[in-house]
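Shown below: my_file-v4.pdb, with PDB, C-alpha atoms.
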```
MODEL        1
ATOM      1  CA  MET J  24     -70.849  10.255 117.688
ATOM      2  CA  ALA J  25     -74.566  10.518 118.407
ATOM      3  CA  ASP J  26     -75.874  10.739 121.958
ATOM      4  CA  SER J  27     -74.849   7.496 123.681
ATOM      5  CA  THR J  28     -76.861   7.978 126.877
ATOM      6  CA  CYS J  29     -78.776   4.738 127.283
ATOM      7  CA  PRO J  30     -82.374   4.776 128.515
ATOM      8  CA  ARG J  31     -83.140   3.707 132.081
ATOM      9  CA  GLY J  32     -86.292   1.730 132.773
ATOM     10  CA  LEU J  33     -88.595  -0.468 130.729
ATOM     11  CA  ILE J  34     -87.549  -1.608 127.256
ATOM     12  CA  ALA J  35     -90.172  -3.338 125.124
ATOM     13  CA  ASP J  36     -89.067  -6.492 123.307
ATOM     14  CA  LEU J  37     -91.522  -5.687 120.532
ATOM     15  CA  ILE J  38     -93.423  -8.312 118.565
ATOM     16  CA  THR J  39     -92.638  -8.092 114.833
ATOM     17  CA  PRO J  40     -95.821  -8.312 112.735
ATOM     18  CA  ILE J  41     -94.946  -9.990 109.428
ATOM     19  CA  GLY J  42     -97.614 -10.732 106.814
ATOM     20  CA  PRO J  43     -98.008 -14.027 104.899
ATOM     21  CA  ASN J  44     -95.942 -12.617 102.010
ATOM     22  CA  GLY J  45     -92.990 -11.859 104.300
ATOM     23  CA  ALA J  46     -93.565  -8.094 104.258
ATOM     24  CA  VAL J  47     -93.865  -6.033 107.415
ATOM     25  CA  ASP J  48     -97.464  -5.492 108.505
ATOM     26  CA  ARG J  49     -97.115  -1.722 108.885
ATOM     27  CA  PRO J  50    -100.598  -1.054 110.307
ATOM     28  CA  GLY J  51     -99.995  -3.843 112.841
ATOM     29  CA  LEU J  52     -96.591  -2.376 113.733
ATOM     30  CA  ASP J  53     -98.191   1.040 114.226
ATOM     31  CA  ARG J  54    -100.840  -0.448 116.537
ATOM     32  CA  ILE J  55     -98.393  -2.364 118.734
ATOM     33  CA  LEU J  56     -96.144   0.710 118.973
ATOM     34  CA  ASP J  57     -99.120   2.846 119.951
ATOM     35  CA  ARG J  58     -99.975   0.239 122.592
ATOM     36  CA  VAL J  59     -96.582   0.393 124.344
ATOM     37  CA  LEU J  60     -95.013   3.777 123.611
ATOM     38  CA  GLN J  61     -96.473   5.775 126.499
ATOM     39  CA  HIS J  62     -95.356   3.109 128.963
ATOM     40  CA  VAL J  63     -91.718   2.438 128.000
ATOM     41  CA  GLN J  64     -88.337   4.140 127.980
ATOM     42  CA  GLY J  65     -87.091   2.269 124.916
ATOM     43  CA  VAL J  66     -88.206  -0.145 122.179
ATOM     44  CA  LEU J  67     -86.239  -3.134 120.892
ATOM     45  CA  LEU J  68     -87.004  -3.965 117.264
ATOM     46  CA  CYS J  69     -86.377  -7.355 115.633
ATOM     47  CA  GLY J  70     -85.111  -8.806 118.911
ATOM     48  CA  PRO J  71     -84.022 -12.450 118.900
ATOM     49  CA  ASP J  72     -86.944 -13.598 121.071
ATOM     50  CA  ALA J  73     -90.290 -11.796 120.777
ATOM     51  CA  GLY J  74     -89.147 -10.015 117.620
ATOM     52  CA  GLU J  75     -87.956 -13.199 115.856
ATOM     53  CA  GLY J  76     -84.994 -11.275 114.478
ATOM     54  CA  ALA J  77     -82.991 -14.344 113.482
ATOM     55  CA  ALA J  78     -85.624 -15.090 110.814
ATOM     56  CA  LEU J  79     -85.514 -11.559 109.377
ATOM     57  CA  GLY J  80     -83.158 -10.556 106.588
ATOM     58  CA  GLN J  81     -81.636  -7.169 105.827
ATOM     59  CA  SER J  82     -84.586  -5.780 103.892
ATOM     60  CA  GLN J  83     -87.085  -6.869 106.554
ATOM     61  CA  ARG J  84     -85.108  -5.439 109.478
ATOM     62  CA  LEU J  85     -84.585  -2.205 107.571
ATOM     63  CA  ASP J  86     -88.308  -2.012 106.772
ATOM     64  CA  VAL J  87     -89.192  -2.541 110.465
ATOM     65  CA  LEU J  88     -86.715   0.141 111.539
ATOM     66  CA  LEU J  89     -87.832   2.740 109.000
ATOM     67  CA  SER J  90     -91.503   2.049 109.714
ATOM     68  CA  ALA J  91     -90.893   2.426 113.469
ATOM     69  CA  ILE J  92     -88.952   5.651 112.921
ATOM     70  CA  ASN J  93     -91.961   7.190 111.214
ATOM     71  CA  ARG J  94     -94.267   6.211 114.085
ATOM     72  CA  VAL J  95     -91.988   6.893 117.048
ATOM     73  CA  ASN J  96     -90.665  10.202 115.710
ATOM     74  CA  GLY J  97     -87.998  10.467 118.387
ATOM     75  CA  CYS J  98     -90.234  10.127 121.455
ATOM     76  CA  VAL J  99     -88.245   7.142 122.827
ATOM     77  CA  PRO J 100     -84.919   5.543 121.881
ATOM     78  CA  LEU J 101     -85.059   2.684 119.378
ATOM     79  CA  ILE J 102     -82.813  -0.349 119.680
ATOM     80  CA  ILE J 103     -82.492  -2.856 116.826
ATOM     81  CA  TRP J 104     -80.822  -6.269 116.897
ATOM     82  CA  ILE J 105     -78.122  -6.504 114.209
ATOM     83  CA  THR J 106     -76.657  -9.959 114.925
ATOM     84  CA  CYS J 107     -76.384 -12.434 112.030
ATOM     85  CA  ASN J 108     -74.727 -15.829 111.602
ATOM     86  CA  THR J 109     -71.256 -14.487 110.765
ATOM     87  CA  GLN J 110     -69.103 -11.467 111.495
ATOM     88  CA  GLU J 111     -69.271 -10.396 107.849
ATOM     89  CA  GLU J 112     -73.076 -10.637 107.731
ATOM     90  CA  THR J 113     -73.384  -8.665 110.972
ATOM     91  CA  CYS J 114     -71.141  -5.872 109.685
ATOM     92  CA  SER J 115     -73.147  -5.804 106.460
ATOM     93  CA  MET J 116     -76.414  -5.637 108.407
ATOM     94  CA  LEU J 117     -75.132  -2.672 110.401
ATOM     95  CA  GLU J 118     -74.010  -0.865 107.253
ATOM     96  CA  VAL J 119     -77.401  -1.340 105.563
ATOM     97  CA  LEU J 120     -79.319  -0.114 108.609
ATOM     98  CA  GLU J 121     -76.975   2.831 109.143
ATOM     99  CA  LYS J 122     -77.333   3.967 105.526
ATOM    100  CA  GLY J 123     -81.109   3.610 105.706
ATOM    101  CA  VAL J 124     -81.324   5.794 108.816
ATOM    102  CA  GLU J 125     -78.950   8.378 107.347
ATOM    103  CA  LYS J 126     -81.057   8.565 104.186
ATOM    104  CA  GLU J 127     -84.143   9.247 106.310
ATOM    105  CA  GLY J 128     -82.324  12.027 108.136
ATOM    106  CA  TYR J 129     -83.583  10.693 111.459
ATOM    107  CA  THR J 130     -82.246  12.561 114.495
ATOM    108  CA  GLY J 131     -83.783  10.476 117.307
ATOM    109  CA  GLN J 132     -81.765   8.052 119.386
ATOM    110  CA  ILE J 133     -80.963   4.666 117.826
ATOM    111  CA  PHE J 134     -78.829   1.941 119.399
ATOM    112  CA  TRP J 135     -77.537  -1.215 117.718
ATOM    113  CA  LEU J 136     -77.929  -4.411 119.784
ATOM    114  CA  ASP J 137     -75.427  -7.210 119.174
ATOM    115  CA  THR J 138     -75.030 -10.714 120.605
ATOM    116  CA  PRO J 139     -71.412 -11.080 119.457
ATOM    117  CA  LEU J 140     -70.690 -14.533 120.867
ATOM    118  CA  VAL J 141     -73.163 -15.987 118.352
ATOM    119  CA  TYR J 142     -70.527 -15.489 115.633
ATOM    120  CA  HIS J 143     -67.331 -14.488 117.492
ATOM    121  CA  SER J 144     -65.282 -15.801 120.398
ATOM    122  CA  ASN J 145     -64.120 -13.915 123.473
ATOM    123  CA  ARG J 146     -60.642 -13.819 121.973
ATOM    124  CA  GLY J 147     -60.230 -10.526 120.143
ATOM    125  CA  LEU J 148     -63.769  -9.415 120.992
ATOM    126  CA  PRO J 149     -62.888  -5.836 122.098
ATOM    127  CA  GLN J 150     -61.066  -5.199 118.822
ATOM    128  CA  HIS J 151     -63.936  -6.665 116.805
ATOM    129  CA  LEU J 152     -66.414  -4.384 118.578
ATOM    130  CA  LYS J 153     -64.138  -1.417 118.006
ATOM    131  CA  ASP J 154     -64.133  -2.279 114.294
ATOM    132  CA  LEU J 155     -67.910  -2.783 114.300
ATOM    133  CA  ALA J 156     -68.465   0.578 115.990
ATOM    134  CA  SER J 157     -66.438   2.254 113.239
ATOM    135  CA  PHE J 158     -69.227   1.455 110.735
ATOM    136  CA  SER J 159     -71.667   3.744 112.535
ATOM    137  CA  SER J 160     -72.036   7.031 114.355
ATOM    138  CA  ARG J 161     -74.532   5.384 116.732
ATOM    139  CA  PRO J 162     -73.716   3.387 119.887
ATOM    140  CA  ILE J 163     -73.830  -0.369 120.398
ATOM    141  CA  ILE J 164     -75.426  -2.239 123.293
ATOM    142  CA  LEU J 165     -74.223  -5.801 123.909
ATOM    143  CA  PHE J 166     -76.466  -8.766 124.679
ATOM    144  CA  ASN J 167     -75.037 -11.506 126.906
ATOM    145  CA  ASP J 168     -77.367 -14.424 126.132
ATOM    146  CA  PRO J 169     -75.638 -17.757 126.883
ATOM    147  CA  GLU J 170     -78.607 -19.983 126.040
ATOM    148  CA  ARG J 171     -78.958 -18.482 122.568
ATOM    149  CA  VAL J 172     -75.234 -18.726 121.933
ATOM    150  CA  LYS J 173     -75.226 -22.413 122.810
ATOM    151  CA  ARG J 174     -78.328 -23.115 120.691
ATOM    152  CA  VAL J 175     -76.779 -21.434 117.666
ATOM    153  CA  ALA J 176     -73.071 -22.127 118.068
ATOM    154  CA  GLY J 177     -73.197 -25.464 119.936
ATOM    155  CA  PRO J 178     -72.923 -26.618 123.549
ATOM    156  CA  LEU J 179     -69.118 -26.429 123.588
ATOM    157  CA  LYS J 180     -69.075 -22.715 122.752
ATOM    158  CA  ARG J 181     -68.466 -20.371 125.675
ATOM    159  CA  GLY J 182     -71.838 -18.723 126.119
ATOM    160  CA  ASN J 183     -70.910 -15.785 128.358
ATOM    161  CA  ILE J 184     -68.687 -12.811 127.734
ATOM    162  CA  ARG J 185     -65.759 -13.251 130.101
ATOM    163  CA  THR J 186     -65.706 -10.680 132.890
ATOM    164  CA  ALA J 187     -62.195  -9.509 131.998
ATOM    165  CA  ILE J 188     -63.234  -9.146 128.354
ATOM    166  CA  LEU J 189     -66.294  -7.104 129.332
ATOM    167  CA  LYS J 190     -64.085  -4.803 131.399
ATOM    168  CA  GLU J 191     -61.844  -4.263 128.380
ATOM    169  CA  THR J 192     -64.830  -3.881 126.063
ATOM    170  CA  ALA J 193     -66.346  -1.187 128.282
ATOM    171  CA  LEU J 194     -63.357   0.959 127.292
ATOM    172  CA  VAL J 195     -64.341   0.823 123.624
ATOM    173  CA  GLU J 196     -65.828   4.084 122.391
ATOM    174  CA  GLY J 197     -69.217   3.351 120.926
ATOM    175  CA  VAL J 198     -70.091   0.436 123.234
ATOM    176  CA  SER J 199     -72.603   1.889 125.672
ATOM    177  CA  GLY J 200     -74.293  -0.835 127.732
ATOM    178  CA  LEU J 201     -75.242  -4.488 128.121
ATOM    179  CA  ILE J 202     -78.394  -6.578 128.400
ATOM    180  CA  PHE J 203     -77.654  -9.495 130.691
ATOM    181  CA  ARG J 204     -78.981 -13.027 130.950
ATOM    182  CA  GLY J 205     -77.311 -15.547 133.202
ATOM    183  CA  ALA J 206     -76.519 -16.302 136.823
ATOM    184  CA  LEU J 207     -76.821 -13.587 139.465
ATOM    185  CA  ASP J 208     -73.224 -14.124 140.564
ATOM    186  CA  ARG J 209     -72.018 -13.321 137.064
ATOM    187  CA  ALA J 210     -74.254 -10.234 136.966
ATOM    188  CA  ARG J 211     -72.581  -8.975 140.158
ATOM    189  CA  ASN J 212     -69.135  -9.585 138.654
ATOM    190  CA  TYR J 213     -70.144  -7.706 135.526
ATOM    191  CA  GLN J 214     -71.351  -4.762 137.612
ATOM    192  CA  LYS J 215     -67.992  -4.600 139.372
ATOM    193  CA  ALA J 216     -66.156  -4.859 136.039
ATOM    194  CA  VAL J 217     -67.864  -1.832 134.496
ATOM    195  CA  ARG J 218     -68.346   0.386 137.551
ATOM    196  CA  PHE J 219     -65.461   2.600 136.409
ATOM    197  CA  ARG J 220     -67.545   3.525 133.371
ATOM    198  CA  SER J 221     -70.200   6.009 134.433
ATOM    199  CA  GLY J 222     -73.469   5.591 132.579
ATOM    200  CA  PHE J 223     -72.771   2.041 131.353
ATOM    201  CA  PRO J 224     -76.059   0.262 132.185
ATOM    202  CA  LEU J 225     -76.626  -3.452 132.770
ATOM    203  CA  TYR J 226     -80.225  -4.321 131.967
ATOM    204  CA  ASP J 227     -81.991  -7.518 133.004
ATOM    205  CA  GLY J 228     -82.744  -9.621 129.945
ATOM    206  CA  ASP J 229     -84.717 -12.086 132.071
ATOM    207  CA  GLU J 230     -88.124 -10.811 133.190
ATOM    208  CA  GLY J 231     -88.398 -13.356 135.997
ATOM    209  CA  GLN J 232     -85.030 -12.356 137.401
ATOM    210  CA  PHE J 233     -86.014  -8.690 137.307
ATOM    211  CA  LEU J 234     -89.274  -9.355 139.138
ATOM    212  CA  SER J 235     -87.413 -11.109 141.963
ATOM    213  CA  HIS J 236     -84.041  -9.269 141.931
ATOM    214  CA  PRO J 237     -84.388  -6.058 139.892
ATOM    215  CA  SER J 238     -81.291  -4.448 138.453
ATOM    216  CA  ARG J 239     -80.569  -0.760 138.885
ATOM    217  CA  HIS J 240     -81.012   0.130 135.237
ATOM    218  CA  GLY J 241     -84.051  -1.622 133.812
ATOM    219  CA  VAL J 242     -85.468  -4.651 132.066
ATOM    220  CA  LEU J 243     -86.063  -5.988 128.574
ATOM    221  CA  SER J 244     -89.647  -7.259 128.543
ATOM    222  CA  ALA J 245     -91.700  -9.227 126.020
ATOM    223  CA  GLY J 246     -94.654  -9.192 128.410
ATOM    224  CA  VAL J 247     -95.030  -5.438 127.953
ATOM    225  CA  ASN J 248     -96.689  -6.217 124.599
ATOM    226  CA  LEU J 249     -99.540  -7.766 126.602
ATOM    227  CA  ALA J 250     -99.628  -5.676 129.778
ATOM    228  CA  PRO J 251     -97.864  -2.352 129.169
ATOM    229  CA  ALA J 252     -99.305  -0.382 132.093
ATOM    230  CA  ALA J 253     -98.618  -3.147 134.619
ATOM    231  CA  TRP J 254     -95.027  -3.527 133.464
ATOM    232  CA  GLN J 255     -94.545   0.237 133.571
ATOM    233  CA  ARG J 256     -95.740   0.434 137.164
ATOM    234  CA  ILE J 257     -93.679  -2.552 138.329
ATOM    235  CA  THR J 258     -90.519  -1.235 136.669
ATOM    236  CA  ALA J 259     -90.949   2.310 137.969
ATOM    237  CA  SER J 260     -91.506   0.988 141.494
ATOM    238  CA  SER J 261     -88.532  -1.405 141.355
ATOM    239  CA  LEU J 262     -86.172   1.313 140.136
ATOM    240  CA  GLY J 263     -87.472   4.015 142.472
ATOM    241  CA  MET J 264     -88.655   6.092 139.541
ATOM    242  CA  THR J 265     -91.885   7.161 141.269
ATOM    243  CA  ASP J 266     -93.064   8.542 144.618
ATOM    244  CA  GLU J 267     -96.237   6.448 144.397
ATOM    245  CA  GLU J 268     -95.425   4.609 147.628
ATOM    246  CA  GLN J 269     -95.680   7.848 149.577
ATOM    247  CA  ARG J 270     -98.910   8.947 147.868
ATOM    248  CA  TYR J 271    -100.822   5.653 148.061
ATOM    249  CA  PRO J 272    -100.891   3.589 151.293
ATOM    250  CA  ASP J 273    -101.926   0.445 149.395
ATOM    251  CA  HIS J 274     -98.973   0.752 147.004
ATOM    252  CA  LEU J 275     -97.162  -2.409 148.123
ATOM    253  CA  LYS J 276    -100.328  -4.497 147.965
ATOM    254  CA  ARG J 277    -101.048  -3.279 144.442
ATOM    255  CA  ILE J 278     -97.474  -3.925 143.307
ATOM    256  CA  TRP J 279     -97.666  -7.459 144.709
ATOM    257  CA  GLU J 280    -100.912  -8.051 142.791
ATOM    258  CA  LEU J 281     -99.424  -6.722 139.558
ATOM    259  CA  GLY J 282     -96.352  -8.904 140.052
ATOM    260  CA  ARG J 283     -98.563 -11.982 140.368
ATOM    261  CA  TYR J 284    -100.388 -10.999 137.193
ATOM    262  CA  LEU J 285     -97.162 -10.553 135.219
ATOM    263  CA  GLU J 286     -95.744 -13.827 136.544
ATOM    264  CA  ALA J 287     -98.971 -15.609 135.535
ATOM    265  CA  LEU J 288     -98.708 -14.226 132.013
ATOM    266  CA  ARG J 289     -95.021 -15.120 131.789
ATOM    267  CA  GLY J 290     -95.713 -18.650 132.992
ATOM    268  CA  ILE J 291     -97.944 -19.149 129.949
ATOM    269  CA  TYR J 292     -95.917 -17.491 127.167
ATOM    270  CA  ALA J 293     -92.343 -18.194 128.339
ATOM    271  CA  GLU J 294     -91.741 -21.260 126.147
ATOM    272  CA  GLU J 295     -92.916 -19.604 122.911
ATOM    273  CA  PRO J 296     -93.079 -15.862 123.518
ATOM    274  CA  ALA J 297     -93.256 -14.715 119.891
ATOM    275  CA  ARG J 298     -96.082 -17.004 118.807
ATOM    276  CA  LEU J 299     -98.178 -16.950 121.962
ATOM    277  CA  ILE J 300     -97.948 -13.202 122.530
ATOM    278  CA  ARG J 301     -98.689 -12.474 118.882
ATOM    279  CA  GLU J 302    -101.743 -14.765 118.845
ATOM    280  CA  ALA J 303    -103.027 -13.296 122.120
ATOM    281  CA  LEU J 304    -102.736  -9.867 120.513
ATOM    282  CA  ASP J 305    -104.621 -11.262 117.508
ATOM    283  CA  LEU J 306    -107.520 -12.079 119.838
ATOM    284  CA  ALA J 307    -107.235  -8.631 121.409
ATOM    285  CA  GLY J 308    -107.612  -7.044 117.967
ATOM    286  CA  VAL J 309    -104.102  -5.574 117.766
ATOM    287  CA  PHE J 310    -103.050  -7.703 114.777
ATOM    288  CA  GLU J 311    -104.970  -9.414 112.018
ATOM    289  CA  PRO J 312    -105.598 -12.932 113.365
ATOM    290  CA  ALA J 313    -103.772 -15.803 111.660
ATOM    291  CA  ALA J 314    -106.444 -18.198 112.912
ATOM    292  CA  SER J 315    -110.079 -17.680 113.848
ATOM    293  CA  PRO J 316    -110.934 -17.852 117.569
ATOM    294  CA  GLU J 317    -112.982 -20.971 116.814
ATOM    295  CA  GLU J 318    -109.836 -22.783 115.685
ATOM    296  CA  LEU J 319    -108.268 -22.326 119.128
ATOM    297  CA  ARG J 320    -109.441 -24.564 121.954
ATOM    298  CA  ARG J 321    -110.680 -22.735 125.035
ATOM    299  CA  GLU J 322    -107.889 -24.327 127.066
ATOM    300  CA  ASP J 323    -105.306 -23.183 124.540
ATOM    301  CA  PRO J 324    -102.572 -21.014 126.151
ATOM    302  CA  VAL J 325    -103.492 -18.176 123.798
ATOM    303  CA  HIS J 326    -106.995 -18.085 125.236
ATOM    304  CA  ARG J 327    -105.604 -18.279 128.766
ATOM    305  CA  LEU J 328    -103.391 -15.280 128.045
ATOM    306  CA  HIS J 329    -106.309 -13.390 126.542
ATOM    307  CA  ASP J 330    -108.573 -14.215 129.474
ATOM    308  CA  LEU J 331    -105.968 -12.953 131.961
ATOM    309  CA  MET J 332    -105.535  -9.770 129.944
ATOM    310  CA  LYS J 333    -109.304  -9.162 129.936
ATOM    311  CA  GLN J 334    -109.461  -9.640 133.704
ATOM    312  CA  HIS J 335    -106.866  -6.876 134.136
ATOM    313  CA  GLY J 336    -108.165  -4.508 131.471
ATOM    314  CA  ASP J 337    -105.474  -5.196 128.871
ATOM    315  CA  ALA J 338    -107.759  -6.680 126.189
TER
ENDMDL
END
```
Written as structure tokens, how would this file's structure read?
Amino acid sequence: MADSTCPRGLIADLITPIGPNGAVDRPGLDRILDRVLQHVQGVLLCGPDAGEGAALGQSQRLDVLLSAINRVNGCVPLIIWITCNTQEETCSMLEVLEKGVEKEGYTGQIFWLDTPLVYHSNRGLPQHLKDLASFSSRPIILFNDPERVKRVAGPLKRGNIRTAILKETALVEGVSGLIFRGALDRARNYQKAVRFRSGFPLYDGDEGQFLSHPSRHGVLSAGVNLAPAAWQRITASSLGMTDEEQRYPDHLKRIWELGRYLEALRGIYAEEPARLIREALDLAGVFEPAASPEELRREDPVHRLHDLMKQHGDA
């Protein structure tokens, strides 16, 4: 099996630039990757939120992955969301992506990200993940995302991986970590459940929760598309990945200011991260704009995002 050591730190929930014809906007993808790469420890492609992965079929996700491979060239791990509506479709997605990567001969780190409760129950989940892992030589990271599960599968569906099931799943070879959304109490229970497994990270999937109660391993961030340097500095400080505090007496004041900036951005884009972040990047010249600036009212949230970014040197 390929190297299963998960990255620690900031993971970009990358915007997926898709053109009007449904094809990947490769120049736009190159530009957004160039914008974030020097600031992150990993990149999530076709994620369910900022990456709008649920709307992307096999050929589109494969195109995004192969295009990113050519740009990233192994400098950071890539993570790609493989979840589909059914178990069969998810297995098929993984097979297609695996074959595409093998054909390219890519040797950099790639992780598959799966939100299994979208299409599977807790019952029999460890065995399913063992079967899923057998389709690939690359490791799987799980995504515990109860709100998405309930939106897709219905309010009666259990939205969280049960703690006992996670403990059993952590024994499965090929399952290497988890991105977590949910209550802090559950996060603590999850940490206890997997502490026997050295190197099994639990990342924060909620930016707000990370800013107030950072995990030990890192955060999945959509906001990094807008403010990559600020998110890098906040994450490095929260995880003790820098000695900046000792070198700069005003470190805490600056971190507090950056935190306020990131919270202000998040307060604007949180309801529609994919659209609002993408359109703010349109105004910043990263993507080809879908609408002219004149079509957006000055009080539009896109303009408010762009104005904040300009104030902090991100546009």
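Omitting stretch 207-217 of chain J and its sequence neighbours fewer than 3 positions away, and counting all atoms listed in the file, the residues within 9 Å are J:Arg185, J:Thr186, J:Ala187, J:Leu189, J:Lys190, J:Glu191, J:Ala193, J:Leu194, J:Phe203, J:Arg204, J:Arg220, J:Ser221, J:Phe223, J:Pro224, J:Leu225, J:Gln232, J:His236.
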Subject >> Contacts of stretch 154-171 of chain J within 6 Å, only C-alpha atoms, excl. fewer than 6 positions in-chain, as a count of residues only >> reply: 18
**OP:** Point out the residue among J:Ala206, J:Leu234, J:Ala338, J:Val59 with the least atom-to-atom distance to J:Arg283, counting all atoms listed in the file.
**Re:**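 Between J:Ala206, J:Leu234, J:Ala338, J:Val59, the residue approaching J:Arg283 most closely is J:Leu234.
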Original post:
Could you name the residues that touch J:Arg49 at 10 Å or less, counting all atoms listed in the file, but leaving out those on the same chain fewer than 5 positions away, as a PyMOL selection string?
Top reply: chain J and resi 39-42+54-55+86-87+90-91+94
Original post:
Using the chain letters and numbers from the file, which residues does the PyMOL selection byres ((chain J and resi 113) around 12) grab, as a VMD selection string?
Top reply: chain J and resid 77 80 to 81 104 to 112 114 to 120 135 to 143 151 to 152 154 to 156 158
With C-alpha atoms retained, write the just-selected residues as a PDB file, in the coordinates of the input.
```pdb
ATOM      1  CA  ALA J  77     -82.991 -14.344 113.482  1.00  0.00           C
ATOM      2  CA  GLY J  80     -83.158 -10.556 106.588  1.00  0.00           C
ATOM      3  CA  GLN J  81     -81.636  -7.169 105.827  1.00  0.00           C
ATOM      4  CA  TRP J 104     -80.822  -6.269 116.897  1.00  0.00           C
ATOM      5  CA  ILE J 105     -78.122  -6.504 114.209  1.00  0.00           C
ATOM      6  CA  THR J 106     -76.657  -9.959 114.925  1.00  0.00           C
ATOM      7  CA  CYS J 107     -76.384 -12.434 112.030  1.00  0.00           C
ATOM      8  CA  ASN J 108     -74.727 -15.829 111.602  1.00  0.00           C
ATOM      9  CA  THR J 109     -71.256 -14.487 110.765  1.00  0.00           C
ATOM     10  CA  GLN J 110     -69.103 -11.467 111.495  1.00  0.00           C
ATOM     11  CA  GLU J 111     -69.271 -10.396 107.849  1.00  0.00           C
ATOM     12  CA  GLU J 112     -73.076 -10.637 107.731  1.00  0.00           C
ATOM     13  CA  CYS J 114     -71.141  -5.872 109.685  1.00  0.00           C
ATOM     14  CA  SER J 115     -73.147  -5.804 106.460  1.00  0.00           C
ATOM     15  CA  MET J 116     -76.414  -5.637 108.407  1.00  0.00           C
ATOM     16  CA  LEU J 117     -75.132  -2.672 110.401  1.00  0.00           C
ATOM     17  CA  GLU J 118     -74.010  -0.865 107.253  1.00  0.00           C
ATOM     18  CA  VAL J 119     -77.401  -1.340 105.563  1.00  0.00           C
ATOM     19  CA  LEU J 120     -79.319  -0.114 108.609  1.00  0.00           C
ATOM     20  CA  TRP J 135     -77.537  -1.215 117.718  1.00  0.00           C
ATOM     21  CA  LEU J 136     -77.929  -4.411 119.784  1.00  0.00           C
ATOM     22  CA  ASP J 137     -75.427  -7.210 119.174  1.00  0.00           C
ATOM     23  CA  THR J 138     -75.030 -10.714 120.605  1.00  0.00           C
ATOM     24  CA  PRO J 139     -71.412 -11.080 119.457  1.00  0.00           C
ATOM     25  CA  LEU J 140     -70.690 -14.533 120.867  1.00  0.00           C
ATOM     26  CA  VAL J 141     -73.163 -15.987 118.352  1.00  0.00           C
ATOM     27  CA  TYR J 142     -70.527 -15.489 115.633  1.00  0.00           C
ATOM     28  CA  HIS J 143     -67.331 -14.488 117.492  1.00  0.00           C
ATOM     29  CA  HIS J 151     -63.936  -6.665 116.805  1.00  0.00           C
ATOM     30  CA  LEU J 152     -66.414  -4.384 118.578  1.00  0.00           C
ATOM     31  CA  ASP J 154     -64.133  -2.279 114.294  1.00  0.00           C
ATOM     32  CA  LEU J 155     -67.910  -2.783 114.300  1.00  0.00           C
ATOM     33  CA  ALA J 156     -68.465   0.578 115.990  1.00  0.00           C
ATOM     34  CA  PHE J 158     -69.227   1.455 110.735  1.00  0.00           C
TER      35      PHE J 158
END
```
Original post:
If you measure from atom CA of J:Arg146 to atom CA of J:Lys180, what distance in Å do you get, rounded to one decimal?
Top reply: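 The value is 12.3 Å.
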